[in-house]
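Colleague: Please find entry_4.txt (compact mmCIF, C-alpha atoms) on the next line:
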# COMPACT_ATOMS: atom_id res chain seq x y z
CA MET A 1 0.00 0.00 0.00
CA THR A 2 1.36 3.40 -1.04
CA PRO A 3 1.56 6.48 1.20
CA ALA A 4 -1.08 8.10 -0.97
CA GLN A 5 -3.43 5.27 -0.16
CA ASP A 6 -2.65 5.64 3.54
CA ALA A 7 -3.62 9.31 3.43
CA THR A 8 -7.01 8.53 1.90
CA PRO A 9 -9.67 9.63 4.36
CA SER A 10 -11.98 7.02 5.93
CA SER A 11 -15.30 6.43 4.31
CA GLU A 12 -17.09 6.60 7.77
CA PRO A 13 -18.34 10.12 8.62
CA VAL A 14 -17.05 11.72 11.83
CA SER A 15 -19.62 13.80 13.78
CA ALA A 16 -18.35 17.01 15.32
CA ALA A 17 -21.45 17.48 17.52
CA PRO A 18 -21.01 16.71 21.26
CA ARG A 19 -22.71 13.64 22.72
CA GLN A 20 -26.07 14.46 24.35
CA VAL A 21 -26.16 13.42 28.02
CA SER A 22 -29.54 13.34 29.76
CA GLU A 23 -30.27 13.58 33.48
CA HIS A 24 -31.05 9.90 33.39
CA HIS A 25 -27.51 9.12 32.21
CA ILE A 26 -26.05 11.38 34.91
CA ALA A 27 -28.14 9.63 37.57
CA GLN A 28 -26.98 6.26 36.29
CA ASP A 29 -23.35 7.35 36.61
CA ILE A 30 -23.82 8.17 40.34
CA PRO A 31 -23.29 5.11 42.56
CA TYR A 32 -26.46 3.63 43.98
CA GLY A 33 -25.29 4.04 47.58
CA VAL A 34 -24.61 7.74 47.06
CA ARG A 35 -28.09 8.24 45.61
CA ILE A 36 -29.68 6.46 48.58
CA ALA A 37 -27.59 8.50 51.04
CA ALA A 38 -28.56 11.75 49.31
CA ALA A 39 -32.24 10.82 49.36
CA TRP A 40 -32.06 10.08 53.07
CA ALA A 41 -29.97 13.19 53.77
CA TRP A 42 -32.39 15.77 52.43
CA ARG A 43 -35.37 14.07 54.04
CA VAL A 44 -33.66 13.82 57.43
CA GLY A 45 -32.47 17.41 57.06
CA LEU A 46 -36.01 18.56 56.35
CA ILE A 47 -37.28 16.71 59.42
CA LEU A 48 -34.59 18.32 61.59
CA VAL A 49 -35.47 21.76 60.25
CA VAL A 50 -39.15 21.22 61.03
CA VAL A 51 -38.34 19.88 64.52
CA GLY A 52 -36.02 22.83 65.18
CA ALA A 53 -38.68 25.30 64.05
CA LEU A 54 -41.23 23.55 66.26
CA ILE A 55 -38.92 23.73 69.29
CA TRP A 56 -38.28 27.43 68.60
CA LEU A 57 -42.01 28.09 68.35
CA LEU A 58 -42.74 26.17 71.55
CA GLY A 59 -40.04 28.19 73.30
CA LYS A 60 -41.84 31.38 72.33
CA VAL A 61 -45.09 30.17 73.89
CA SER A 62 -43.57 28.37 76.88
CA PHE A 63 -45.80 30.41 79.19
CA LEU A 64 -48.68 28.38 77.75
CA ILE A 65 -46.95 25.05 77.12
CA ILE A 66 -45.62 24.61 80.68
CA PRO A 67 -49.03 25.03 82.41
CA LEU A 68 -50.54 22.72 79.79
CA MET A 69 -47.96 20.02 80.51
CA VAL A 70 -48.35 20.43 84.28
CA ALA A 71 -52.11 20.09 83.93
CA SER A 72 -51.65 16.95 81.80
CA LEU A 73 -49.43 15.29 84.40
CA LEU A 74 -51.79 16.24 87.23
CA ALA A 75 -54.74 14.93 85.21
CA GLY A 76 -52.94 11.62 84.85
CA LEU A 77 -52.41 11.59 88.61
CA LEU A 78 -55.93 12.61 89.65
CA TYR A 79 -58.02 10.88 87.00
CA PRO A 80 -58.19 7.55 88.92
CA VAL A 81 -59.63 9.43 91.92
CA THR A 82 -62.27 11.06 89.75
CA GLY A 83 -63.06 7.71 88.13
CA TRP A 84 -63.46 6.06 91.54
CA LEU A 85 -65.88 8.78 92.66
CA ARG A 86 -67.84 8.39 89.43
CA LYS A 87 -68.23 4.66 90.16
CA LEU A 88 -69.97 5.72 93.38
CA LYS A 89 -72.69 7.35 91.20
CA MET A 90 -71.41 10.82 92.01
CA PRO A 91 -72.04 13.52 89.37
CA GLN A 92 -69.10 14.41 87.18
CA GLY A 93 -68.89 18.01 88.41
CA ALA A 94 -69.00 17.00 92.07
CA ALA A 95 -66.37 14.30 91.54
CA VAL A 96 -64.00 16.75 89.86
CA ALA A 97 -64.62 19.41 92.54
CA ILE A 98 -63.90 16.99 95.39
CA THR A 99 -60.79 15.70 93.64
CA VAL A 100 -59.33 19.14 92.93
CA VAL A 101 -60.21 20.61 96.34
CA GLY A 102 -58.78 17.55 98.09
CA PHE A 103 -55.58 17.80 96.05
CA LEU A 104 -55.21 21.51 96.91
CA GLY A 105 -55.87 20.68 100.56
CA VAL A 106 -53.08 18.10 100.60
CA ILE A 107 -50.67 20.57 98.98
CA ALA A 108 -51.63 23.33 101.43
CA GLY A 109 -51.22 21.01 104.40
CA ALA A 110 -47.80 19.86 103.23
CA LEU A 111 -46.65 23.45 102.69
CA ALA A 112 -47.91 24.46 106.14
CA LEU A 113 -46.10 21.56 107.79
CA VAL A 114 -42.88 22.27 105.91
CA GLY A 115 -43.13 25.98 106.68
CA ARG A 116 -43.53 25.26 110.38
CA GLN A 117 -40.51 22.96 110.37
CA LEU A 118 -38.47 25.61 108.56
CA ALA A 119 -39.48 28.29 111.04
CA VAL A 120 -38.54 26.10 113.99
CA GLY A 121 -35.34 24.65 112.58
CA PHE A 122 -33.90 27.65 110.77
CA GLY A 123 -32.80 29.41 113.96
CA GLU A 124 -31.05 26.28 115.18
CA LEU A 125 -29.46 25.77 111.79
CA TRP A 126 -28.22 29.37 111.75
CA GLN A 127 -26.54 28.93 115.13
CA GLU A 128 -24.96 25.67 113.97
CA ALA A 129 -23.75 27.39 110.80
CA LEU A 130 -22.11 30.16 112.85
CA THR A 131 -20.47 27.53 115.03
CA GLY A 132 -19.24 25.76 111.91
CA ILE A 133 -17.75 28.99 110.56
CA GLN A 134 -15.90 29.52 113.82
CA GLN A 135 -14.56 25.98 113.63
CA VAL A 136 -13.35 26.63 110.08
CA GLN A 137 -11.60 29.80 111.24
CA ALA A 138 -9.92 27.87 114.06
CA TRP A 139 -8.81 25.18 111.59
CA LEU A 140 -7.35 27.81 109.25
CA ALA A 141 -5.34 29.23 112.12
CA ASP A 142 -4.26 25.99 113.82
CA GLY A 143 -4.26 23.66 110.82
CA PRO A 144 -1.63 23.09 108.14
CA LEU A 145 -2.22 26.54 106.58
CA HIS A 146 -1.23 28.43 109.77
CA LEU A 147 -3.06 31.61 108.75
CA THR A 148 -2.92 34.51 111.16
CA ALA A 149 -5.99 36.30 112.45
CA ASP A 150 -5.12 39.37 110.34
CA GLN A 151 -4.96 37.27 107.18
CA ILE A 152 -8.32 35.67 107.94
CA ASP A 153 -9.86 39.11 108.58
CA THR A 154 -8.38 40.35 105.29
CA TYR A 155 -10.00 37.49 103.38
CA ILE A 156 -13.33 38.12 105.09
CA GLN A 157 -13.15 41.84 104.26
CA SER A 158 -12.33 41.01 100.64
CA ALA A 159 -15.37 38.77 100.41
CA THR A 160 -17.55 41.47 102.00
CA SER A 161 -16.23 44.09 99.57
CA ALA A 162 -16.93 41.78 96.63
CA LEU A 163 -20.53 41.42 97.79
CA GLN A 164 -20.90 45.18 98.14
CA ASN A 165 -19.39 45.85 94.71
CA ASN A 166 -21.78 43.39 93.11
CA SER A 167 -24.81 44.54 95.06
CA SER A 168 -26.48 45.86 91.90
CA SER A 169 -26.15 42.48 90.22
CA ILE A 170 -27.49 40.76 93.31
CA LEU A 171 -30.42 43.20 93.44
CA SER A 172 -31.23 42.68 89.77
CA GLY A 173 -31.08 38.93 90.33
CA ALA A 174 -33.48 39.26 93.24
CA LEU A 175 -35.86 41.34 91.13
CA SER A 176 -35.60 38.78 88.34
CA PHE A 177 -36.41 36.05 90.85
CA GLY A 178 -39.44 38.02 92.01
CA SER A 179 -40.63 38.37 88.43
CA THR A 180 -40.08 34.65 87.87
CA ALA A 181 -42.05 33.86 91.02
CA GLY A 182 -44.91 36.01 89.71
CA HIS A 183 -44.88 34.18 86.38
CA PHE A 184 -44.77 30.88 88.26
CA ALA A 185 -47.85 31.78 90.31
CA ALA A 186 -49.74 32.87 87.19
CA GLY A 187 -48.73 29.66 85.43
CA MET A 188 -49.97 27.55 88.33
CA VAL A 189 -53.35 29.29 88.27
CA LEU A 190 -53.59 28.63 84.53
CA ALA A 191 -52.56 24.99 85.07
CA LEU A 192 -55.28 24.57 87.70
CA PHE A 193 -57.86 26.03 85.31
CA ILE A 194 -56.77 23.67 82.52
CA LEU A 195 -56.71 20.71 84.93
CA ILE A 196 -60.36 21.24 85.86
CA PHE A 197 -61.43 21.14 82.22
CA PHE A 198 -59.21 18.13 81.50
CA LEU A 199 -60.98 16.22 84.25
CA LEU A 200 -64.41 17.48 83.21
CA GLU A 201 -64.26 17.27 79.42
CA GLY A 202 -60.97 15.61 78.55
CA SER A 203 -62.43 13.03 76.18
CA ARG A 204 -64.56 15.65 74.42
CA ILE A 205 -61.50 17.84 73.90
CA TRP A 206 -59.56 14.90 72.48
CA ARG A 207 -62.39 13.95 70.12
CA PHE A 208 -62.50 17.52 68.87
CA ILE A 209 -58.77 17.46 68.15
CA VAL A 210 -59.01 14.11 66.36
CA GLY A 211 -61.95 15.43 64.34
CA LEU A 212 -59.69 18.09 62.82
CA LEU A 213 -57.62 15.40 61.09
CA PRO A 214 -58.45 13.76 57.74
CA ARG A 215 -61.03 11.01 58.19
CA THR A 216 -58.65 8.27 57.10
CA ALA A 217 -56.17 9.27 59.82
CA ARG A 218 -58.61 9.62 62.71
CA ALA A 219 -58.65 5.98 63.79
CA ALA A 220 -54.86 5.82 63.97
CA ALA A 221 -54.62 9.17 65.77
CA TYR A 222 -57.36 8.27 68.21
CA GLY A 223 -55.82 4.91 69.08
CA ALA A 224 -52.30 6.36 69.33
CA GLY A 225 -53.52 9.12 71.63
CA ARG A 226 -55.33 6.59 73.80
CA ARG A 227 -52.20 4.46 74.14
CA GLY A 228 -50.06 7.56 74.75
CA TRP A 229 -52.39 8.70 77.51
CA SER A 230 -52.17 5.27 79.12
CA SER A 231 -48.38 5.53 79.02
CA MET A 232 -48.45 8.97 80.65
CA VAL A 233 -50.75 7.78 83.44
CA SER A 234 -48.43 4.83 84.10
CA TYR A 235 -45.44 7.16 84.18
CA VAL A 236 -47.04 9.53 86.70
CA ARG A 237 -48.07 6.70 89.02
CA ILE A 238 -44.70 4.97 88.94
CA GLN A 239 -42.79 8.23 89.30
CA MET A 240 -44.90 9.10 92.35
CA PHE A 241 -43.87 5.79 93.90
CA VAL A 242 -40.19 6.29 93.01
CA ALA A 243 -40.22 9.83 94.41
CA PHE A 244 -41.88 8.58 97.60
CA VAL A 245 -39.20 5.91 98.08
CA ASP A 246 -36.42 8.47 97.53
CA ALA A 247 -37.99 10.96 99.92
CA VAL A 248 -38.58 8.40 102.66
CA GLY A 249 -35.10 6.91 102.31
CA ILE A 250 -33.20 10.20 102.43
CA GLY A 251 -35.59 11.94 104.85
CA VAL A 252 -35.65 9.10 107.40
CA GLY A 253 -31.89 8.67 107.08
CA ALA A 254 -31.38 12.38 107.76
CA ALA A 255 -33.66 12.20 110.79
CA ILE A 256 -31.81 9.17 112.21
CA ILE A 257 -28.41 10.87 112.05
CA GLN A 258 -30.01 14.08 113.40
CA VAL A 259 -29.59 16.31 110.37
CA PRO A 260 -31.72 19.43 110.91
CA LEU A 261 -34.74 20.13 108.70
CA ALA A 262 -35.17 16.45 107.85
CA LEU A 263 -38.86 16.82 106.93
CA PRO A 264 -38.39 19.79 104.55
CA LEU A 265 -35.43 17.92 103.11
CA GLY A 266 -37.63 14.89 102.43
CA VAL A 267 -40.23 17.08 100.70
CA LEU A 268 -37.47 18.65 98.59
CA VAL A 269 -36.23 15.19 97.58
CA PHE A 270 -39.79 14.14 96.70
CA ILE A 271 -40.24 17.13 94.39
CA GLY A 272 -36.79 16.79 92.85
CA SER A 273 -37.27 13.09 92.17
CA PHE A 274 -39.82 13.89 89.47
CA ILE A 275 -36.75 14.60 87.35
CA PRO A 276 -35.55 10.98 86.96
CA VAL A 277 -32.06 10.10 88.20
CA VAL A 278 -30.78 13.70 88.21
CA GLY A 279 -33.34 15.18 90.61
CA ALA A 280 -32.64 12.83 93.51
CA LEU A 281 -28.89 13.26 92.95
CA VAL A 282 -29.05 17.06 93.23
CA THR A 283 -31.35 17.06 96.25
CA GLY A 284 -29.16 14.39 97.86
CA ALA A 285 -26.15 16.68 97.43
CA ILE A 286 -28.10 19.39 99.27
CA ALA A 287 -28.71 16.90 102.10
CA VAL A 288 -24.99 16.14 102.32
CA LEU A 289 -24.13 19.84 102.37
CA LEU A 290 -26.69 20.46 105.10
CA ALA A 291 -25.22 17.64 107.19
CA LEU A 292 -21.72 19.06 106.67
CA VAL A 293 -22.72 22.54 107.82
CA ALA A 294 -24.77 21.33 110.78
CA ASN A 295 -22.91 18.29 112.12
CA GLY A 296 -19.46 18.17 110.57
CA PRO A 297 -17.65 15.98 108.01
CA VAL A 298 -18.27 12.60 109.68
CA ASN A 299 -22.02 13.15 109.70
CA ALA A 300 -21.82 14.37 106.10
CA LEU A 301 -20.06 11.15 105.05
CA VAL A 302 -22.82 9.08 106.67
CA MET A 303 -25.42 11.19 104.86
CA LEU A 304 -23.51 10.67 101.61
CA ALA A 305 -23.62 6.90 102.13
CA ILE A 306 -27.40 7.08 102.67
CA VAL A 307 -27.87 9.14 99.50
CA LEU A 308 -25.73 6.74 97.46
CA PHE A 309 -27.69 3.75 98.79
CA VAL A 310 -30.99 5.36 97.78
CA GLN A 311 -29.51 6.25 94.38
CA GLN A 312 -28.39 2.67 93.79
CA LEU A 313 -31.82 1.42 94.79
CA GLU A 314 -33.46 3.76 92.28
CA SER A 315 -30.97 3.19 89.46
CA HIS A 316 -30.73 -0.61 89.65
CA ILE A 317 -34.18 -1.67 90.88
CA LEU A 318 -36.85 1.01 90.64
CA GLN A 319 -35.96 2.60 87.30
CA PRO A 320 -35.08 -0.52 85.24
CA LEU A 321 -37.63 -2.96 86.66
CA ILE A 322 -40.61 -0.72 87.43
CA MET A 323 -40.26 2.44 85.38
CA GLY A 324 -38.74 0.68 82.37
CA LYS A 325 -41.63 -1.79 82.12
CA ALA A 326 -44.25 0.90 82.71
CA VAL A 327 -43.12 3.24 79.92
CA SER A 328 -40.99 0.84 77.79
CA LEU A 329 -37.93 3.09 77.86
CA HIS A 330 -34.32 2.04 78.33
CA PRO A 331 -32.47 3.79 81.22
CA VAL A 332 -30.03 5.27 78.69
CA ALA A 333 -32.95 6.82 76.82
CA VAL A 334 -34.24 8.26 80.10
CA ILE A 335 -30.90 9.86 80.97
CA LEU A 336 -30.36 11.24 77.46
CA SER A 337 -33.88 12.67 77.32
CA VAL A 338 -33.41 14.40 80.67
CA ALA A 339 -30.08 15.85 79.51
CA ALA A 340 -31.54 17.05 76.20
CA GLY A 341 -34.63 18.48 77.89
CA SER A 342 -32.61 20.39 80.48
CA TYR A 343 -30.34 21.78 77.74
CA LEU A 344 -33.24 22.94 75.58
CA ALA A 345 -35.69 24.15 78.23
CA GLY A 346 -33.99 24.09 81.63
CA ILE A 347 -35.84 22.59 84.59
CA PRO A 348 -39.21 22.32 82.78
CA GLY A 349 -37.51 20.48 79.93
CA ALA A 350 -35.92 18.00 82.33
CA LEU A 351 -39.26 17.50 84.08
CA PHE A 352 -41.33 16.85 80.95
CA ALA A 353 -38.72 15.08 78.81
CA VAL A 354 -39.41 11.53 79.99
CA PRO A 355 -43.24 11.61 79.87
CA LEU A 356 -43.14 13.22 76.42
CA LEU A 357 -40.68 10.59 75.22
CA ALA A 358 -42.84 7.82 76.69
CA VAL A 359 -45.96 9.15 74.96
CA ALA A 360 -44.13 9.60 71.64
CA ASN A 361 -42.59 6.11 71.86
CA THR A 362 -45.95 4.48 72.55
CA ALA A 363 -47.79 6.43 69.84
CA VAL A 364 -45.14 5.80 67.18
CA ARG A 365 -45.04 2.07 67.94
CA TYR A 366 -48.83 1.90 67.77
CA ILE A 367 -48.98 3.65 64.40
CA ALA A 368 -45.98 1.79 62.94
CA ALA A 369 -47.53 -1.57 63.82
CA ARG A 370 -50.89 -0.44 62.34
CA THR A 371 -52.52 -1.75 65.50
CA TRP A 372 -55.72 0.21 64.96
CA GLU A 373 -56.57 -1.96 61.94
CA HIS A 374 -57.22 -5.01 64.11
CA ASP A 375 -58.14 -3.30 67.38
CA GLU A 376 -61.75 -4.45 67.79
CA GLY A 377 -62.28 -2.34 70.89
CA LEU A 378 -60.79 0.83 69.42
CA MET A 379 -63.98 2.85 69.54
CA THR A 380 -65.30 1.47 72.82
CA ALA A 381 -62.17 1.51 74.98
CA TYR A 382 -63.08 4.66 76.88
CA ALA A 383 -63.84 2.85 80.12
CA GLY A 384 -61.07 2.10 82.57
CA ALA A 385 -58.53 4.22 84.39
CA GLY A 386 -55.42 5.01 82.43
CA ILE A 387 -56.84 3.89 79.08
CA ALA A 388 -58.37 7.07 77.69
CA PRO A 389 -58.37 10.79 78.39
CA PRO A 390 -60.44 12.04 81.34
CA ASP A 391 -64.26 12.05 81.28
CA SER A 392 -64.04 8.54 79.85
CA ASP A 393 -67.41 7.46 81.21
CA GLU A 394 -69.10 9.20 78.27
CA GLU A 395 -69.08 7.15 75.09
CA PRO A 396 -68.51 9.03 71.82
CA THR A 397 -70.59 8.61 68.72
CA ILE A 398 -69.48 7.65 65.24
CA LYS A 399 -69.98 11.23 64.06
CA GLU A 400 -67.88 12.60 66.92
CA ILE A 401 -64.99 10.31 66.05
CA HIS A 402 -65.10 10.32 62.28
CA GLY A 403 -67.23 13.32 61.37
CA PRO A 404 -70.33 13.51 59.18
CA GLY A 405 -70.75 10.72 56.68
CA ALA A 406 -68.67 8.19 58.58
CA ASN A 407 -71.53 5.70 58.82
CA ALA A 408 -72.13 5.86 55.09
CA GLY A 409 -68.43 5.36 54.44
CA ALA A 410 -68.40 2.32 56.68
CA ARG A 411 -71.45 0.80 54.99
CA SER A 412 -70.02 1.30 51.52
CA ASN A 413 -66.73 -0.33 52.41
CA SER A 414 -66.11 -3.67 50.74
CA GLY A 415 -64.61 -5.18 53.87
CA GLU A 416 -61.33 -6.16 52.23
CA GLY A 417 -57.90 -5.33 53.67
CA ALA A 418 -57.25 -2.49 56.11
CA ALA A 419 -60.29 -0.50 54.97
CA GLY A 420 -62.57 -3.44 55.71
CA GLN A 421 -61.03 -3.88 59.15
CA HIS A 422 -61.50 -0.19 59.83
CA ALA A 423 -65.17 -0.39 58.82
CA ALA A 424 -65.60 -3.46 61.02
CA ALA A 425 -64.22 -1.48 63.96
CA GLU A 426 -66.75 1.27 63.25
CA ARG A 427 -69.62 -1.22 63.15
CA THR A 428 -68.40 -2.81 66.39
CA PHE A 429 -68.36 0.59 68.01
CA ALA A 430 -71.87 1.42 66.76
CA LYS A 431 -73.22 -1.84 68.19
CA ASP A 432 -71.56 -1.36 71.59
CA ALA A 433 -72.60 2.29 71.72
CA ALA A 434 -76.21 1.30 71.06
CA GLN A 435 -76.05 -1.28 73.86
CA HIS A 436 -74.52 1.33 76.14
CA THR A 437 -77.39 3.75 75.37
CA ASN A 438 -80.10 1.12 75.87
CA LYS A 439 -78.68 0.18 79.25
CA GLY A 440 -78.73 3.83 80.30
CA ASP A 441 -75.16 3.79 81.62
Kindly present the structure from the file in structure tokens form.

Modeller:
Amino acid sequence: MTPAQDATPSSEPVSAAPRQVSEHHIAQDIPYGVRIAAAWAWRVGLILVVVGALIWLLGKVSFLIIPLMVASLLAGLLYPVTGWLRKLKMPQGAAVAITVVGFLGVIAGALALVGRQLAVGFGELWQEALTGIQQVQAWLADGPLHLTADQIDTYIQSATSALQNNSSSILSGALSFGSTAGHFAAGMVLALFILIFFLLEGSRIWRFIVGLLPRTARAAAYGAGRRGWSSMVSYVRIQMFVAFVDAVGIGVGAAIIQVPLALPLGVLVFIGSFIPVVGALVTGAIAVLLALVANGPVNALVMLAIVLFVQQLESHILQPLIMGKAVSLHPVAVILSVAAGSYLAGIPGALFAVPLLAVANTAVRYIAARTWEHDEGLMTAYAGAGIAPPDSDEEPTIKEIHGPGANAGARSNSGEGAAGQHAAAERTFAKDAAQHTNKGD
């Protein structure tokens, strides 16, 4: 072959236009794992943004959210009392009035008793504190530091001057505390008002909220709320028992070793124990400090041993065996929820973190398992303490649960699959509700 033949151009045409690449080709070039990760990433990011916005919004209306949560916890505590009075054929209004007035009477009596103990023991504690300060001064002079009296006086004067120089900050802090106390009192009045209506018309309020949802979601929301309420009631009851054990253990131990103000200390431990794990630890530290100031280091060590014993009892027996089974939460989840709640909302966040997590855990499990599809007693499970919101003695109607046209929708259902099961639950409810009406309950 000659060079001229080699230079002959090829008979196949060469296109100068670039190759067209579609989005489909680009997507195919991206590894499958990367595409899955990206799909998860933007969805999780969107959820986090929504959750963050919700937390920010709740923070802005905390003056309403906190009384609402307090009223919910108190309703879970007092509802069994109201239900017991209703079983005695007492009218709903009278049962709620007796329950609320009795609860306020118990609180007032406890505060009066604690106030009397504080008034009697504070003077003695002040004298013991002064004696302790003198002992510390003697130890500074005769101990290993060998400080002179002039040096001790200089340190005391420096501390006094620091207090005087920061008097404005202390005054502003006191004013802020006064304002906070005023907000606290207003919040408690609002919580009491909400509590009364929760006990009177709790189920009607819940049915109204469920009625705002799409009809296809009402059965799931209703059942999830019912299970969540049961979980909250269980939490309140068990936490009351745990707090009582902590208060009795630390309070009786303080009284045995003659720590002053043992009764107020026990009440403080009882209140603090409503913050799981952390509350009893902090109030126990206060007990140890009180023993140190009043009776010296040996007595403080004994008090520390008592506090640690009570803490071990709570951490290894009460929380895992009783609380864990009641709310189906792992102890690690409890501790992390308390830490997150205290970081986001301070003391109220730590107080409400565990019950909110318990309710959310129960509701999510109920919905994820689609339990409402085969829950034959879904619409008739109002009766029974801890099963439904307050005022559970009044049965709802189909229209109240599912809105207008629910009966027609149930009748037109073919009965196949989840829709058929849902219609069957509606028919079961209608039958039981009719029996309930005929009996005149």

Colleague: With distances taken over only C-alpha atoms, which residue among A:Tyr343, A:Val245, A:Ala368, A:Val269 lies nearest Ile317 (chain A)?

Modeller: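 Smallest separation from Ile317 (chain A) among the options: A:Val245.
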
Colleague: Pick from A:Val70, A:Trp56, A:Arg365, A:Val332: nearest to Leu190 (chain A), with all atoms listed in the file counted?

Modeller: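 Going through A:Val70, A:Trp56, A:Arg365, A:Val332 one by one, the smallest distance to Leu190 (chain A) is for A:Val70.
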
Colleague: Check the smallest atom-to-atom distance from each of A:Leu68, A:Ala37, A:Val359, A:Ala300 to Phe197 (chain A) using only C-alpha atoms, then report the winner.

Modeller: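 With only C-alpha atoms as the atom set, the closest residue is A:Leu68.
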
Colleague: Suppose you want the space between CA of Glu201 (chain A) and CA of Val96 (chain A); what is it in Å?

Modeller: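 Answer for the CA of Glu201 (chain A) to CA of Val96 (chain A) separation: 10.5 Å.
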
Colleague: Nearest residue to Thr82 (chain A) out of A:Leu290, A:Ala97, A:Ala110, A:Ala185, using all atoms listed in the file?

Modeller: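 The closest residue to Thr82 (chain A) is A:Ala97.
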
Colleague: Please indicate the distance in Å from CA of Pro260 (chain A) to CA of Gln311 (chain A), rounded to one decimal place.

Modeller: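 Between CA of Pro260 (chain A) and CA of Gln311 (chain A) the gap is 21.3 Å.
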
Colleague: When you draw a straight line from CA of Val307 (chain A) to CA of Pro276 (chain A), how long is it in Å?

Modeller: 14.8 Å

Colleague: Fewer than 3 positions away in the same chain doesn't count, so skip those; otherwise give me all residues within 12 Å of Val189 (chain A), counting all atoms listed in the file, as a PyMOL selection string.

Modeller: chain A and resi 63-64+66-68+70-71+104+182-186+192-196
